[in-house]
Amino acid sequence: MDRSRSIQLLNQAVADELQAVHQYMYFHFHLADQGFNPLALLFKRIAIMEMGHVELLAERILFLKGEVEMQAAGAVEKVSGAEQMLVKAMAMEEEGVVAYNKAALECAANADSVSKQLFEQLVRDEEGHYDQYEKQRDNIQRFGPNYLALQSFGGGGGAAPGGPAAAG
């Protein structure tokens, strides 16, 4: 097993996950400020899950005797509309699924089954996040401004769309 290649792949995933944390918290802050609390809480909850991914990746990197690089993959994109935020989040999750599938295959070819399994777990989680974002985007498209207006008046009972049980 070439540990250095696994460490490189794992650190790229750390960068991607940190990028997601930053972007989703940005969305959370702005949606909460606009009064869209259920949607804001969805972004916050998924950002926290992404932080958990960073921790899992870091633990694996350290096990492989590597150095954890805590650098986000890029700058936060300034997006103001709720639907545009969801579209951006869906694209990020989709990119993650593609990258993590490739990383899993490369780890498997490199005889690193633990890192492969970690990447497969990340794929499952990212697909779940994508699904949650897609449902919210579809609701906005289906119901229009009324869907978001209900959130500003406390619609949804204050819980994140999809509820705690929907965690990927």
# chains A, B, ... in the order shown; residues from 1 in each chain; ligands from 1

$ closest_atom_pairs --of "range 47-132 of chain A" --to "range 19-38 of chain A" --cutoff "6 Å" --atoms "only C-alpha atoms" --output "CSV"
residue,atom,partner,partner_atom,distance
A:Ala47,CA,A:Val21,CA,4.6
A:Ala72,CA,A:Gln19,CA,4.8
A:Ala73,CA,A:Gln19,CA,5.5
A:Val76,CA,A:Gln23,CA,5.3

$ write_last_selection --atoms "C-alpha atoms" --output "short mmCIF file (atom, residue, chain, number, x, y, z; two decimals), in the first residue's frame"
data_model
loop_
_atom_site.label_atom_id
_atom_site.label_comp_id
_atom_site.auth_asym_id
_atom_site.auth_seq_id
_atom_site.Cartn_x
_atom_site.Cartn_y
_atom_site.Cartn_z
CA ALA A 47 -22.40 21.61 7.98
CA ALA A 72 -10.49 24.65 2.56
CA ALA A 73 -10.65 23.90 -1.16
CA VAL A 76 -17.08 30.87 -0.10
#

$ residues_around --residues "Leu10 in chain A" --least-positions-apart "5" --cutoff "12 Å" --atoms "only C-alpha atoms" --output "ChimeraX atom specification"
/A:3-5,15-17,53-64,66-70,99-100,102-104,106-107,112,114-116,118-119,122

$ select_by_dssp --residues "chain A" --states "helix (DSSP H, G or I)" --output "PyMOL selection string"
chain A and resi 3-33+37-63+82-109+113-143+145-152+164-166

$ atom_distance --atom1 "CA of Ala108 in chain A" --atom2 "CA of Val123 in chain A"
14.9 Å

$ closest_residue --among "A:Ala109, A:Met90, A:Val98, A:Val79" --to "Ser6 in chain A" --atoms "only C-alpha atoms"
A:Ala109

$ residues_around --residues "Glu94 in chain A" --least-positions-apart "5" --cutoff "9 Å" --atoms "only C-alpha atoms" --output "MDAnalysis selection string"
chainID A and resid 89 99 126:127 130

$ closest_residue --among "A:Gly81, A:Gly74, A:Gly128, A:Pro145" --to "Gln12 in chain A" --atoms "only C-alpha atoms"
A:Gly74

$ decode --residues "range 47-63 of chain A" --atoms "N, CA and C atoms" --output "mmCIF file, in the first residue's frame"
data_model
loop_
_atom_site.group_PDB
_atom_site.id
_atom_site.type_symbol
_atom_site.label_atom_id
_atom_site.label_comp_id
_atom_site.auth_asym_id
_atom_site.auth_seq_id
_atom_site.Cartn_x
_atom_site.Cartn_y
_atom_site.Cartn_z
ATOM 1 N N ALA A 47 -23.758 21.096 7.740
ATOM 2 C CA ALA A 47 -22.402 21.611 7.982
ATOM 3 C C ALA A 47 -21.763 20.877 9.161
ATOM 4 N N ILE A 48 -22.532 20.623 10.192
ATOM 5 C CA ILE A 48 -22.017 19.891 11.354
ATOM 6 C C ILE A 48 -21.664 18.458 10.959
ATOM 7 N N MET A 49 -22.470 17.852 10.111
ATOM 8 C CA MET A 49 -22.156 16.506 9.628
ATOM 9 C C MET A 49 -20.861 16.520 8.820
ATOM 10 N N GLU A 50 -20.674 17.570 8.017
ATOM 11 C CA GLU A 50 -19.446 17.682 7.232
ATOM 12 C C GLU A 50 -18.235 17.829 8.158
ATOM 13 N N MET A 51 -18.413 18.515 9.290
ATOM 14 C CA MET A 51 -17.323 18.608 10.281
ATOM 15 C C MET A 51 -16.981 17.225 10.815
ATOM 16 N N GLY A 52 -17.983 16.388 10.998
ATOM 17 C CA GLY A 52 -17.744 15.013 11.417
ATOM 18 C C GLY A 52 -16.946 14.244 10.377
ATOM 19 N N HIS A 53 -17.208 14.533 9.108
ATOM 20 C CA HIS A 53 -16.423 13.903 8.041
ATOM 21 C C HIS A 53 -14.963 14.317 8.131
ATOM 22 N N VAL A 54 -14.718 15.602 8.400
ATOM 23 C CA VAL A 54 -13.335 16.085 8.543
ATOM 24 C C VAL A 54 -12.640 15.307 9.655
ATOM 25 N N GLU A 55 -13.338 15.096 10.748
ATOM 26 C CA GLU A 55 -12.748 14.369 11.866
ATOM 27 C C GLU A 55 -12.403 12.926 11.476
ATOM 28 N N LEU A 56 -13.309 12.244 10.802
ATOM 29 C CA LEU A 56 -13.039 10.872 10.368
ATOM 30 C C LEU A 56 -11.841 10.813 9.421
ATOM 31 N N LEU A 57 -11.802 11.742 8.494
ATOM 32 C CA LEU A 57 -10.689 11.788 7.544
ATOM 33 C C LEU A 57 -9.369 12.077 8.261
ATOM 34 N N ALA A 58 -9.396 13.017 9.195
ATOM 35 C CA ALA A 58 -8.180 13.366 9.934
ATOM 36 C C ALA A 58 -7.670 12.177 10.746
ATOM 37 N N GLU A 59 -8.577 11.455 11.372
ATOM 38 C CA GLU A 59 -8.172 10.273 12.144
ATOM 39 C C GLU A 59 -7.479 9.251 11.247
ATOM 40 N N ARG A 60 -7.993 9.059 10.044
ATOM 41 C CA ARG A 60 -7.387 8.105 9.122
ATOM 42 C C ARG A 60 -6.016 8.594 8.651
ATOM 43 N N ILE A 61 -5.914 9.883 8.350
ATOM 44 C CA ILE A 61 -4.630 10.453 7.926
ATOM 45 C C ILE A 61 -3.586 10.261 9.018
ATOM 46 N N LEU A 62 -3.962 10.537 10.250
ATOM 47 C CA LEU A 62 -3.021 10.395 11.366
ATOM 48 C C LEU A 62 -2.640 8.934 11.577
ATOM 49 N N PHE A 63 -3.592 8.029 11.402
ATOM 50 C CA PHE A 63 -3.279 6.604 11.509
ATOM 51 C C PHE A 63 -2.234 6.203 10.476
#
